[in-house]
Amino acid sequence: MVRRLIGYLLTLWIVLTANFLLPRWLPGDPLSALLDPTSASYVYDAEVRAALAAYYGLDRPLLAQYGHYLSGALTGDLGRSIRLNRPVSGLIGAHLPWTLLLTLTALSLAAVLGLLGGALAGWRRGSSADKVLVTLSVVISNAPVYFVGTLLLIVFGARLRWLPLAGGRTPFATYPSLLDAARDIGRHLVLPALTLTLATMGSQFLLVRNSMVTVLGEDFMLVARAKGLSSGRLKWVHALRNALLPFVAHLAAHAGLVITGAVFIETLFNYPGMGRLIFEAVGARDYPVLQGAFLAVSTVVLGANLLADWVNQRLDPRLRHV
Amino acid sequence: MSALLSVRDLHVHFPAVGEHQTPAAAATRAVDGISFDLRAGETLAIVGETGSGKTTIGRALLGLHPPASVQGSIRLQGEELVGLDETGWRAVRWQRIAMAVQSAGTAFDPVYRIAAQIAEPLRVHLHLSAREADARAMALARRLGLTSRHLRAYPHQLSGGEKQRAMLAMALSCEPEVLIADEPTSGQDVLSRAQLVALLQAICCEQGTSLLLISHDLAAVAQLTERVVVLYAGKLIETGDAAEILASPRHPYTWGLLNAYPTMTTARDLRAIRGSLPDPSNPPMGCRFHPRCTQAVARCRVEEPLLARSTGVASGGERLIACHLGGLQALLEATALRKAFRANGQIGRRPADDGVEAVRDVDLVVWEGEVVAVVGETGSGKTTLGRLLVGQLVPDAGQVRFEAQDLFGLSTAARKRCYRRIQFIAQDPFDAISPRLSVGKVVREPLEVQGIGTDDERQARAREALDAVSLPTDEGFLGRRAHTLSGGQLQRVAIARALVLDPKLLVADEPVSMLDASEQARVINLLKDIQSARGMGLLIISHDLALVRKIADRILVMQQGRIVEAGPAGRVISAPQHAYTRALLGAAPAFDW
Amino acid sequence: MRSQRQPQPKHKRGALVFGLTLLASVILVAFAAPLLAPYDPHAFVGRPLERPSPTHRLGTNDVGQDILSELIHGARISLIVALGASVGTVALGTLVGAVAGYVGGWLDSLLMRGVDVMLILPRLPLLILLAAFLGTGLGQTVTVIALLFWPTTARIIRAQVQMVRRRGYVQMARGFGGGAFHILIRHILPEIGPLIASQLVMAAGRAVVLEAGLAFLGLGNPAAKSWGLMIRFALNLPGLLLTERWLWWLLPPGICITLLILALAYVGIGLEASLQPRLEGV
Ligand code: SF4
């Protein structure tokens with residue numbers, strides 16, 4: 001586990017360094033362009049320009065820039081947004097919770113549904129219900145998230161008007177109680193979370209179903225059946241417990257998928273999370289925000305990987321004693 | 001004694017899989033009409049090669065196949081199991097019939113500790129508390145040589161042998177009425193195998209569990225069980241008392257199986273039954289063994305033999321075999337053969353006279369498809385015996401029967417026809433083949449003598465025979481004079497000449513002793529190959545025990561005109577009974593243990 | 001029955017046929033785009049936001065361009081990106097994977113460490129970052145996708161190369177003194193060929209998704225209007241979803257993308273299934 005931790009720290013360092021080097025090495029020199037009056041991306045606001053110059057410090061030697069950047073990143077100084085003229089860390093702090101709310105909701109929903117559906121479909125492999133579910137999963141998990149989201153938005157938001165069209169909460173609303181706040185935020189969460197769940201559940205489902213089918217073919221399942229165990233015990237205690245292993249192992253990779261989906265969905269639903277932040281930063285070529293967002297998302301994903309590794313080791317004795 | 005478990009006419013047919021699925025597509029007939037009984041407290045072995053259906057039977061006894069694929073009757077204490085639903089089967093599984101599967105390595109759920117898995121059925125079926133179940137699991141595991149360390153471990157932490165023991169402990173945990181043990185010892189070394197099975201039998205005996213052993217190794221299990229059921233391609237082909245089957249297998253397949261598996265004591269090269277197991281979805285018509293059987297007759301190809309009491313078995317134990325011919329046939333049978341020579345070398349009329357008795361009271365059998373070696377020193381009478389068998393000499397007394405016909409009771413013409421089917425290969429090819437003849441002529445000669453075929457046919461058969469002994473078949477070689485060939489080539493020509501009449505039995509008198517060492521091995525292996533490919537009998541007469549042990553199924557040791565020792569090659573080599581055999585073994589030059 | 005090897009299931013072959021048919025039709029449309037499309041997709045041929053009519057079967061967009069023509073020409077963009085990015089991805093991945101798998105040792109460890117890191121990273125944010133820095137030309141998009149997504153292929157190819165390398169005939173060829181290059185070309189490449197094909201298909205599918213996604217996020221190339229960009233432009237119109245316009249402006253490109261991705265996915269599934277016995281058999 002310690003070795004894993006070191007591995008992740010190393011990866012984090014690589015991410016940080018890449019984040020530093022990329023804009024400096026890429027053709028077109030995008031950072032200098034910000035400060036170059038002749039270029040298209042010249043920043044006109046003198047105050048912002050000064051902040052940028054101080055943060056990037058392009059006139060200093062590379063190593064000094066690197067030191068400045070690293071110490072800044074570790075203390076939470078990620079520069080200032082060009083567009084909003086606010087510290088990037090503050091922006092991330094305001095957006096990240098929304099994304100976490102959205103992704104964790106969708107991730108847990110997708111996990112539970114994918115796990116149950118996959119287990120049952122695998123158990124009844126070859127049945128017509130299994131075939132229908134498999135086909136649906138392939139179709140839905142391959143359709144672009146924002147397209148699926150748009151359709152949901154049209155049906156539930158625009159046509160049926162059951163749910164709000166956009167945003168994370170009602171603008172300018174004041175809540176008399178915490179419960180009201182929760183209800184409002186929940187109502188806004190339903191459609192984006194549903195879209196994200198739908199979009200990511202398919203691969204969960206297919207994974208569980210296929211590992212279930214594999215497990216059911218194992219010798220130990222035959223023995224378990226020969227032992228006269230009830231089908232419930234066979235299904236849940238033995239088969240699913242084993243099918244869980246690849247599922248958990250893929251959970252981290254899945255977190256990446258969910259984040260990707262979230263970027264699109266937040267854009268589509270105007271949801272005030274990281275995706276929205278990134279989208280808006282893209283429009284304004286707001287590099288400090290993009291870089292900061294990349295760092296933040298990478299850190300979250302690395303954390304998810306670490307967690308998944310740990311859970312996986314708890315679940316699979318073969319990984320514990322090597 | 002009434003049967004505890006009684007299987008009647010059991011069929012397990014799996015539907016054809018794959019996309020070319022037509023209604024007519026043949027199903028895989030893994031088990032095809034098998035009946036046997038397991039008596040209370042008894043150990044019974046089901047023996048067969050991989051694919052014979054033995055594992056399928058084991059699973060059928062636990063209701064693990066889709067119900068539609070199983071037909072027939074399985075009665076446990078009179079209660080019919082076939083047709084039970086899952087709930088019904090659950091009450092039988094493990095509590096009444098348990099199974100230790102062959103693949104113990106993958107038989108445990110990898111995420112739970114061994115102890116929990118052994119205890120699981122105790123808790124599910126006997127509703128024991130966790131503590132009671134653990135205690136019982138522990139006690140059983142201890143008896144099988146496992147410690148609490150093993151029980152606390154996860155499956156991947158145990159060795160194959162340990163898992164197998166744990167598997168047995170798990171199978172015995174509910175004290176079932178029947179334990180099916182599928183290759184229970186395959187992960188163990190040879191020594192602990194016997195111990196493990198003995199232990200298993202002891203525990204079964206205490207618990208009142210009957211043991212059904214499933215194995216591919218007839219020789220090994222027959223020593224451990226009371227009765228044996230032999231399967232071939234989903235059919236029961238022989239069953240009976242284990243010791244008797246081991247001593248005298250009656251079905252040609254059982255006989256081959258016993259010869260095919262090297263026991264610890266076999267010094268012989270592994271002898272395989274010719275051909276391979278048939279495709280279970282498309283088994284051969286008639287007797288399923290006929291493509292591989294050395295004694296198959298026309299009837300075998302069209303009619304399926306029924307299981308019937310075997311003749312030719314002395315004891316009271318019931319022996320059933322499925323063979324049209326009633327089992328393995330004697331190809332050549334000599335009884336009480338005697339032959340004496342006068343002191344002056346002429347053939348004596350009265351053996352009691354002062355002459356030398358070269359062959360005294362010899363009994364000998366060569367079964368269909370068998371390789372028998374007669375071993376003895378020069379002057380032991382073995383050459384005379386060979387010449388008597390092929391009709392070059394007439395015995396003073398006794399009988400020689402070939403394919404159940406008394407050779408000397410036949411008319412001359414009939415005898416001549418018979419001798420066409422017995423061919424002789426002499427020691428010295430330079431002597432046996434005229435040096436002036438061409439190779440082609442030499443090989444064609446028997447056909448010409450017998451007046452068989454046209455010239456072209458003779459030529460073709462000669463070529464075929466030469467090809468069988470790995471000699472060239474071109475005109476150039478056919479035209480070569482015999483004296484231009486080497487000893488090894490010449491002996492091959494002699495063998496080809498013997499083969500050209502498609503004999504049923506080859507008698508070879510010191511076939512390789514004139515050759516140098518490397519040629520010896522090659523020619524002897526060639527003989528063996530030809531024998532097993534054609535399903536012939538082969539009788540080798542030799543002084544060289546080390547050489548014949550490589551290919552012989554049985555060895556007869558001859559001294560001063562008598563057979564002093566006879567038995568399976570492995571036994572004669574590893575545990576010689578007679579002092580003379582031991583002397584021969586000691587004298588064998590290239591004997592490398 | 002564990003011992004019974006299942007032959008390739010029927011529906012897997014069905015998947016292949018279905019995918020190939022769909023893919024072929026998209027390719028056909030892309031090639032024949034100038035013949036099929038009624039107008040130049042960039043020309044302003046009508047009034048803005050016309051409803052579907054016999055002259056403009058799918059109406060016009062907010063600047064008066066014919067939507068059907070945009071749709072037909074959009075197939076070209078998707079396919080160009082799919083082809084370019086998949087070839088780039090797989091070429092890079094195969095190169096790294098083959099070298100790592102064949103050479104082994106520290107080079108292998110080093111390359112695979114790098115692959116691990118790249119596989120952990122959330123690649124979409126990185127992709128966005130790179131695309132933002134580099135600009136939105138088709139070439140840039142293709143390059144960025146290839147640069148970020150080769151590690152998946154590298155890992156799979158490496159595993160296969162390692163397996164092939166251990167086989168007898170490769171060992172023999174080395175014994176004859178066959179050089180690494182000779183062995184890679186003569187023995188290993190033919191073995192991993194089918195695998196490369198399935199990787200290509202999968203990379204192509206991914207590239208289509210990514211290109212459309214980038215366009216959706218505003219990182220598309222306005223000069224090359226892809227289906228993703230059409231969706232973006234449609235959504236840019238305020239209140240689009242409240243009228244019926246989405247029916248002919250947003251739905252068609254959405255369906256087209258979905259179908260193309262599905263086609264590639266099904267071809268991939270079919271190919272993989274036909275590879276399966278091969279992979280199991282070794
Ligand atoms: S003799 Fe005929 S019936 Fe007997 S085993 Fe041989 S083929 Fe079968």
# chains A, B, ... in the order shown; residues from 1 in each chain; ligands from 1
call {"tool": "interface_residues", "arguments": {"of": "chain A", "to": "chain B", "cutoff": "10 Å", "atoms": "only C-alpha atoms", "output": "list in words"}}
result
Val215, Glu218, Asp219, Phe220, Met221, Leu222, Val223, Ala224, Arg225, Ala226, Lys227, Gly228, Leu229, Ser230, Ser231, Arg233, Val237, His238, Ala239, Arg241, Asn242, Leu245, Leu315, Asp316, Pro317, Arg318, His321 and Val322 of chain A
call {"tool": "write_last_selection", "arguments": {"atoms": "C-alpha atoms", "output": "PDB file, in the first residue's frame"}}
result
ATOM      1  CA  VAL A 215     -17.639 -16.399 -12.331  1.00  0.00           C
ATOM      2  CA  GLU A 218     -15.858 -21.284 -12.462  1.00  0.00           C
ATOM      3  CA  ASP A 219     -15.343 -24.605 -10.760  1.00  0.00           C
ATOM      4  CA  PHE A 220     -16.029 -23.220  -7.350  1.00  0.00           C
ATOM      5  CA  MET A 221     -19.527 -22.260  -8.419  1.00  0.00           C
ATOM      6  CA  LEU A 222     -20.147 -25.840  -9.482  1.00  0.00           C
ATOM      7  CA  VAL A 223     -18.897 -27.008  -6.112  1.00  0.00           C
ATOM      8  CA  ALA A 224     -21.038 -24.435  -4.343  1.00  0.00           C
ATOM      9  CA  ARG A 225     -24.042 -25.766  -6.215  1.00  0.00           C
ATOM     10  CA  ALA A 226     -23.062 -29.311  -5.403  1.00  0.00           C
ATOM     11  CA  LYS A 227     -22.944 -28.269  -1.774  1.00  0.00           C
ATOM     12  CA  GLY A 228     -26.663 -27.760  -1.972  1.00  0.00           C
ATOM     13  CA  LEU A 229     -26.625 -24.042  -1.305  1.00  0.00           C
ATOM     14  CA  SER A 230     -29.741 -22.035  -2.030  1.00  0.00           C
ATOM     15  CA  SER A 231     -29.793 -20.046  -5.227  1.00  0.00           C
ATOM     16  CA  ARG A 233     -26.641 -17.840  -1.459  1.00  0.00           C
ATOM     17  CA  VAL A 237     -22.671 -14.735  -1.410  1.00  0.00           C
ATOM     18  CA  HIS A 238     -20.538 -16.487  -3.976  1.00  0.00           C
ATOM     19  CA  ALA A 239     -21.117 -15.247  -7.511  1.00  0.00           C
ATOM     20  CA  ARG A 241     -19.014 -11.369  -4.252  1.00  0.00           C
ATOM     21  CA  ASN A 242     -16.496 -12.514  -6.842  1.00  0.00           C
ATOM     22  CA  LEU A 245     -13.728  -7.631  -7.676  1.00  0.00           C
ATOM     23  CA  LEU A 315     -12.131  -7.318  -0.866  1.00  0.00           C
ATOM     24  CA  ASP A 316      -9.690  -9.641  -2.575  1.00  0.00           C
ATOM     25  CA  PRO A 317      -7.556 -11.752  -0.255  1.00  0.00           C
ATOM     26  CA  ARG A 318      -5.277 -12.634  -3.152  1.00  0.00           C
ATOM     27  CA  HIS A 321      -0.986 -11.658   0.855  1.00  0.00           C
ATOM     28  CA  VAL A 322       1.436 -11.679  -1.977  1.00  0.00           C
TER      29      VAL A 322
END
call {"tool": "closest_atom_pairs", "arguments": {"of": "chain B", "to": "ligand 1", "cutoff": "10 Å", "atoms": "only C-alpha atoms and all ligand atoms", "output": "JSON lines"}}
result
{"residue": "B:Ile237", "atom": "CA", "partner": "ligand 1", "partner_atom_place_in_ligand_line": "5 (S)", "distance": 8.3}
{"residue": "B:Arg250", "atom": "CA", "partner": "ligand 1", "partner_atom_place_in_ligand_line": "5 (S)", "distance": 9.5}
{"residue": "B:His251", "atom": "CA", "partner": "ligand 1", "partner_atom_place_in_ligand_line": "5 (S)", "distance": 6.2}
{"residue": "B:Pro252", "atom": "CA", "partner": "ligand 1", "partner_atom_place_in_ligand_line": "5 (S)", "distance": 5.6}
{"residue": "B:Tyr253", "atom": "CA", "partner": "ligand 1", "partner_atom_place_in_ligand_line": "5 (S)", "distance": 6.8}
{"residue": "B:Thr254", "atom": "CA", "partner": "ligand 1", "partner_atom_place_in_ligand_line": "5 (S)", "distance": 9.5}
{"residue": "B:Gly286", "atom": "CA", "partner": "ligand 1", "partner_atom_place_in_ligand_line": "8 (Fe)", "distance": 7.8}
{"residue": "B:Cys287", "atom": "CA", "partner": "ligand 1", "partner_atom_place_in_ligand_line": "8 (Fe)", "distance": 4.6}
{"residue": "B:Arg288", "atom": "CA", "partner": "ligand 1", "partner_atom_place_in_ligand_line": "8 (Fe)", "distance": 6.7}
{"residue": "B:Phe289", "atom": "CA", "partner": "ligand 1", "partner_atom_place_in_ligand_line": "8 (Fe)", "distance": 5.2}
{"residue": "B:His290", "atom": "CA", "partner": "ligand 1", "partner_atom_place_in_ligand_line": "7 (S)", "distance": 3.5}
{"residue": "B:Pro291", "atom": "CA", "partner": "ligand 1", "partner_atom_place_in_ligand_line": "7 (S)", "distance": 7.2}
{"residue": "B:Arg292", "atom": "CA", "partner": "ligand 1", "partner_atom_place_in_ligand_line": "7 (S)", "distance": 7.6}
{"residue": "B:Cys293", "atom": "CA", "partner": "ligand 1", "partner_atom_place_in_ligand_line": "6 (Fe)", "distance": 4.7}
{"residue": "B:Thr294", "atom": "CA", "partner": "ligand 1", "partner_atom_place_in_ligand_line": "6 (Fe)", "distance": 6.7}
{"residue": "B:Gln295", "atom": "CA", "partner": "ligand 1", "partner_atom_place_in_ligand_line": "1 (S)", "distance": 5.1}
{"residue": "B:Ala296", "atom": "CA", "partner": "ligand 1", "partner_atom_place_in_ligand_line": "7 (S)", "distance": 4.1}
{"residue": "B:Val297", "atom": "CA", "partner": "ligand 1", "partner_atom_place_in_ligand_line": "2 (Fe)", "distance": 5.9}
{"residue": "B:Ala298", "atom": "CA", "partner": "ligand 1", "partner_atom_place_in_ligand_line": "2 (Fe)", "distance": 8.1}
{"residue": "B:Arg299", "atom": "CA", "partner": "ligand 1", "partner_atom_place_in_ligand_line": "2 (Fe)", "distance": 7.1}
{"residue": "B:Cys300", "atom": "CA", "partner": "ligand 1", "partner_atom_place_in_ligand_line": "2 (Fe)", "distance": 4.3}
{"residue": "B:Arg301", "atom": "CA", "partner": "ligand 1", "partner_atom_place_in_ligand_line": "7 (S)", "distance": 7.1}
{"residue": "B:Val302", "atom": "CA", "partner": "ligand 1", "partner_atom_place_in_ligand_line": "2 (Fe)", "distance": 9.8}
{"residue": "B:Glu303", "atom": "CA", "partner": "ligand 1", "partner_atom_place_in_ligand_line": "3 (S)", "distance": 8.3}
{"residue": "B:Glu304", "atom": "CA", "partner": "ligand 1", "partner_atom_place_in_ligand_line": "3 (S)", "distance": 7.2}
{"residue": "B:Pro305", "atom": "CA", "partner": "ligand 1", "partner_atom_place_in_ligand_line": "3 (S)", "distance": 5.5}
{"residue": "B:Leu306", "atom": "CA", "partner": "ligand 1", "partner_atom_place_in_ligand_line": "3 (S)", "distance": 8.8}
{"residue": "B:Ile321", "atom": "CA", "partner": "ligand 1", "partner_atom_place_in_ligand_line": "4 (Fe)", "distance": 8.9}
{"residue": "B:Ala322", "atom": "CA", "partner": "ligand 1", "partner_atom_place_in_ligand_line": "3 (S)", "distance": 6.6}
{"residue": "B:Cys323", "atom": "CA", "partner": "ligand 1", "partner_atom_place_in_ligand_line": "4 (Fe)", "distance": 3.6}
{"residue": "B:His324", "atom": "CA", "partner": "ligand 1", "partner_atom_place_in_ligand_line": "3 (S)", "distance": 4.2}
{"residue": "B:Leu325", "atom": "CA", "partner": "ligand 1", "partner_atom_place_in_ligand_line": "1 (S)", "distance": 5.3}
{"residue": "B:Gly326", "atom": "CA", "partner": "ligand 1", "partner_atom_place_in_ligand_line": "4 (Fe)", "distance": 6.8}
{"residue": "B:Gly327", "atom": "CA", "partner": "ligand 1", "partner_atom_place_in_ligand_line": "4 (Fe)", "distance": 5.9}
{"residue": "B:Leu328", "atom": "CA", "partner": "ligand 1", "partner_atom_place_in_ligand_line": "1 (S)", "distance": 7.2}
{"residue": "B:Gln329", "atom": "CA", "partner": "ligand 1", "partner_atom_place_in_ligand_line": "1 (S)", "distance": 8.1}
{"residue": "B:Glu368", "atom": "CA", "partner": "ligand 1", "partner_atom_place_in_ligand_line": "1 (S)", "distance": 9.7}
call {"tool": "atom_distance", "arguments": {"atom1": "CA of Met212 in chain A", "atom2": "CA of Val134 in chain A"}}
result
13.5 Å
call {"tool": "atom_distance", "arguments": {"atom1": "CA of Met274 in chain A", "atom2": "CA of Trp249 in chain C"}}
result
28.1 Å
call {"tool": "closest_residue", "arguments": {"among": "C:Glu272, C:Asp62, C:Glu191, C:Asp116", "to": "chain A", "atoms": "only C-alpha atoms"}}
result
C:Asp116
call {"tool": "closest_atom_pairs", "arguments": {"of": "chain C", "to": "chain A", "cutoff": "9 Å", "atoms": "only C-alpha atoms", "output": "CSV"}}
result
residue,atom,partner,partner_atom,distance
C:Met1,CA,A:Gly217,CA,7.9
C:Arg2,CA,A:Gly217,CA,6.4
C:Val117,CA,A:Thr11,CA,5.9
C:Met118,CA,A:Thr11,CA,8.8
C:Leu119,CA,A:Ala253,CA,8.3
C:Ile120,CA,A:Leu302,CA,7.1
C:Leu121,CA,A:Ser298,CA,6.1
C:Pro122,CA,A:Gly256,CA,5.3
C:Arg123,CA,A:Gly256,CA,7.8
C:Leu124,CA,A:Thr260,CA,5.8
C:Pro125,CA,A:Phe294,CA,5.5
C:Leu126,CA,A:Phe294,CA,6.3
C:Ile128,CA,A:Val282,CA,7.9
C:Leu129,CA,A:Leu290,CA,6.1
C:Leu130,CA,A:Leu22,CA,8.0
C:Ala132,CA,A:Val282,CA,6.4
C:Phe133,CA,A:Pro30,CA,6.2
C:Leu134,CA,A:Leu26,CA,7.3
C:Val209,CA,A:Pro144,CA,6.7
C:Ala212,CA,A:Pro144,CA,8.3
C:Gly213,CA,A:Phe264,CA,7.6
C:Phe216,CA,A:Phe264,CA,8.0
C:Leu217,CA,A:Phe279,CA,6.0
C:Gly218,CA,A:Gly283,CA,6.6
C:Leu219,CA,A:Val282,CA,7.6
C:Ile231,CA,A:Phe147,CA,8.4
C:Leu235,CA,A:Leu268,CA,8.4
C:Leu241,CA,A:Ile154,CA,6.0
C:Leu242,CA,A:Ala158,CA,5.6
C:Thr243,CA,A:Ala158,CA,8.8
C:Trp246,CA,A:Ile154,CA,8.9
C:Leu250,CA,A:Phe147,CA,8.6
C:Leu251,CA,A:Phe147,CA,8.2
C:Gly254,CA,A:Phe147,CA,5.9
C:Ile255,CA,A:Ala143,CA,8.4
C:Ile257,CA,A:Ala143,CA,7.5
C:Thr258,CA,A:Ala143,CA,4.7
C:Leu259,CA,A:Ala143,CA,8.0
C:Ile261,CA,A:Asn142,CA,6.3
C:Leu262,CA,A:Asn142,CA,6.2
C:Ala265,CA,A:Asn142,CA,7.7
C:Tyr266,CA,A:Val138,CA,8.7
call {"tool": "write_last_selection", "arguments": {"atoms": "N, CA and C atoms", "output": "short mmCIF file (atom, residue, chain, number, x, y, z; two decimals), in the first residue's frame"}}
result
data_model
loop_
_atom_site.label_atom_id
_atom_site.label_comp_id
_atom_site.auth_asym_id
_atom_site.auth_seq_id
_atom_site.Cartn_x
_atom_site.Cartn_y
_atom_site.Cartn_z
N MET C 1 -21.26 -26.84 -18.53
CA MET C 1 -20.07 -27.68 -18.71
C MET C 1 -18.87 -26.81 -19.06
N ARG C 2 -17.91 -26.90 -18.20
CA ARG C 2 -16.75 -26.06 -18.38
C ARG C 2 -15.93 -26.51 -19.57
N VAL C 117 0.80 6.02 -15.71
CA VAL C 117 0.50 7.40 -15.31
C VAL C 117 -0.54 7.99 -16.25
N MET C 118 -0.32 7.78 -17.55
CA MET C 118 -1.25 8.39 -18.51
C MET C 118 -2.64 7.79 -18.41
N LEU C 119 -2.69 6.51 -18.01
CA LEU C 119 -4.00 5.87 -17.92
C LEU C 119 -4.78 6.35 -16.70
N ILE C 120 -4.05 6.74 -15.67
CA ILE C 120 -4.74 7.20 -14.47
C ILE C 120 -5.32 8.60 -14.69
N LEU C 121 -4.60 9.44 -15.41
CA LEU C 121 -4.99 10.84 -15.55
C LEU C 121 -6.38 10.98 -16.16
N PRO C 122 -7.13 11.96 -15.67
CA PRO C 122 -8.40 12.27 -16.34
C PRO C 122 -8.06 12.92 -17.66
N ARG C 123 -8.35 12.21 -18.74
CA ARG C 123 -7.78 12.70 -19.99
C ARG C 123 -8.62 13.77 -20.66
N LEU C 124 -9.90 13.85 -20.31
CA LEU C 124 -10.70 14.88 -20.97
C LEU C 124 -10.24 16.28 -20.56
N PRO C 125 -10.08 16.56 -19.26
CA PRO C 125 -9.59 17.89 -18.90
C PRO C 125 -8.24 18.20 -19.55
N LEU C 126 -7.38 17.21 -19.60
CA LEU C 126 -6.08 17.40 -20.23
C LEU C 126 -6.26 17.70 -21.72
N ILE C 128 -8.85 19.00 -23.10
CA ILE C 128 -9.39 20.36 -23.25
C ILE C 128 -8.26 21.38 -23.12
N LEU C 129 -7.43 21.16 -22.13
CA LEU C 129 -6.32 22.07 -21.88
C LEU C 129 -5.43 22.16 -23.13
N LEU C 130 -5.06 21.00 -23.64
CA LEU C 130 -4.18 20.97 -24.81
C LEU C 130 -4.85 21.62 -26.01
N ALA C 132 -7.11 23.82 -26.00
CA ALA C 132 -7.20 25.26 -25.80
C ALA C 132 -5.86 25.93 -26.12
N PHE C 133 -4.79 25.31 -25.70
CA PHE C 133 -3.46 25.87 -25.98
C PHE C 133 -3.14 25.82 -27.46
N LEU C 134 -3.46 24.70 -28.08
CA LEU C 134 -2.97 24.44 -29.44
C LEU C 134 -3.85 25.03 -30.52
N VAL C 209 -16.24 10.36 -30.75
CA VAL C 209 -16.83 10.90 -29.53
C VAL C 209 -16.07 12.14 -29.09
N ALA C 212 -16.48 15.27 -31.37
CA ALA C 212 -17.80 15.86 -31.17
C ALA C 212 -17.85 16.55 -29.81
N GLY C 213 -17.24 15.92 -28.82
CA GLY C 213 -17.23 16.49 -27.48
C GLY C 213 -16.50 17.81 -27.45
N PHE C 216 -18.53 20.37 -29.04
CA PHE C 216 -19.63 20.74 -28.15
C PHE C 216 -19.15 21.73 -27.09
N LEU C 217 -17.92 21.56 -26.65
CA LEU C 217 -17.39 22.43 -25.61
C LEU C 217 -16.85 23.75 -26.20
N GLY C 218 -17.01 23.92 -27.47
CA GLY C 218 -16.55 25.16 -28.07
C GLY C 218 -15.14 25.09 -28.58
N LEU C 219 -14.59 23.87 -28.67
CA LEU C 219 -13.24 23.74 -29.21
C LEU C 219 -13.28 23.10 -30.59
N ILE C 231 -24.43 20.59 -33.14
CA ILE C 231 -25.16 20.54 -31.87
C ILE C 231 -24.82 21.77 -31.03
N LEU C 235 -27.44 24.55 -29.80
CA LEU C 235 -27.67 24.84 -28.39
C LEU C 235 -27.36 26.29 -28.05
N LEU C 241 -34.70 24.64 -27.02
CA LEU C 241 -35.43 23.47 -26.58
C LEU C 241 -36.91 23.76 -26.35
N LEU C 242 -37.24 25.05 -26.26
CA LEU C 242 -38.62 25.39 -25.96
C LEU C 242 -39.47 25.44 -27.22
N THR C 243 -38.80 25.50 -28.40
CA THR C 243 -39.56 25.48 -29.65
C THR C 243 -39.39 24.08 -30.24
N TRP C 246 -35.41 22.08 -32.31
CA TRP C 246 -34.44 21.01 -32.01
C TRP C 246 -34.73 19.78 -32.83
N LEU C 250 -31.20 19.75 -33.98
CA LEU C 250 -30.35 19.10 -32.99
C LEU C 250 -30.45 17.57 -33.06
N LEU C 251 -31.66 17.09 -33.26
CA LEU C 251 -31.85 15.64 -33.26
C LEU C 251 -31.05 14.93 -34.37
N GLY C 254 -27.36 14.56 -33.66
CA GLY C 254 -27.23 13.69 -32.48
C GLY C 254 -27.39 12.23 -32.87
N ILE C 255 -28.41 11.96 -33.67
CA ILE C 255 -28.65 10.58 -34.09
C ILE C 255 -27.50 10.10 -34.96
N ILE C 257 -24.32 11.02 -34.98
CA ILE C 257 -23.14 10.68 -34.17
C ILE C 257 -23.36 9.35 -33.46
N THR C 258 -24.53 9.23 -32.83
CA THR C 258 -24.80 8.01 -32.07
C THR C 258 -24.68 6.79 -32.98
N LEU C 259 -25.26 6.90 -34.18
CA LEU C 259 -25.22 5.75 -35.07
C LEU C 259 -23.78 5.42 -35.48
N ILE C 261 -21.01 6.06 -33.87
CA ILE C 261 -20.28 5.48 -32.73
C ILE C 261 -20.73 4.04 -32.51
N LEU C 262 -22.05 3.84 -32.60
CA LEU C 262 -22.57 2.48 -32.41
C LEU C 262 -22.02 1.54 -33.47
N ALA C 265 -18.62 0.73 -32.54
CA ALA C 265 -18.61 -0.12 -31.35
C ALA C 265 -18.98 -1.55 -31.71
N TYR C 266 -19.99 -1.70 -32.57
CA TYR C 266 -20.41 -3.06 -32.91
C TYR C 266 -19.35 -3.77 -33.75
#
call {"tool": "residues_around", "arguments": {"residues": "Trp98 in chain A", "least_positions_apart": "4", "cutoff": "10 Å", "atoms": "only C-alpha atoms", "output": "PyMOL selection string"}}
result
chain A and resi 93-94+102-104+168+185+189+266+271-275
call {"tool": "select_by_dssp", "arguments": {"residues": "range 77-299 of chain B", "states": "strand (DSSP E or B)", "output": "PyMOL selection string"}}
result
chain B and resi 79-80+93+97-100+178-182+210-215+227-232+235-241
call {"tool": "select_by_dssp", "arguments": {"residues": "range 167-288 of chain A", "states": "helix (DSSP H, G or I)", "output": "ChimeraX atom specification"}}
result
/A:178-216,219-226,231-269,274-284,287-288
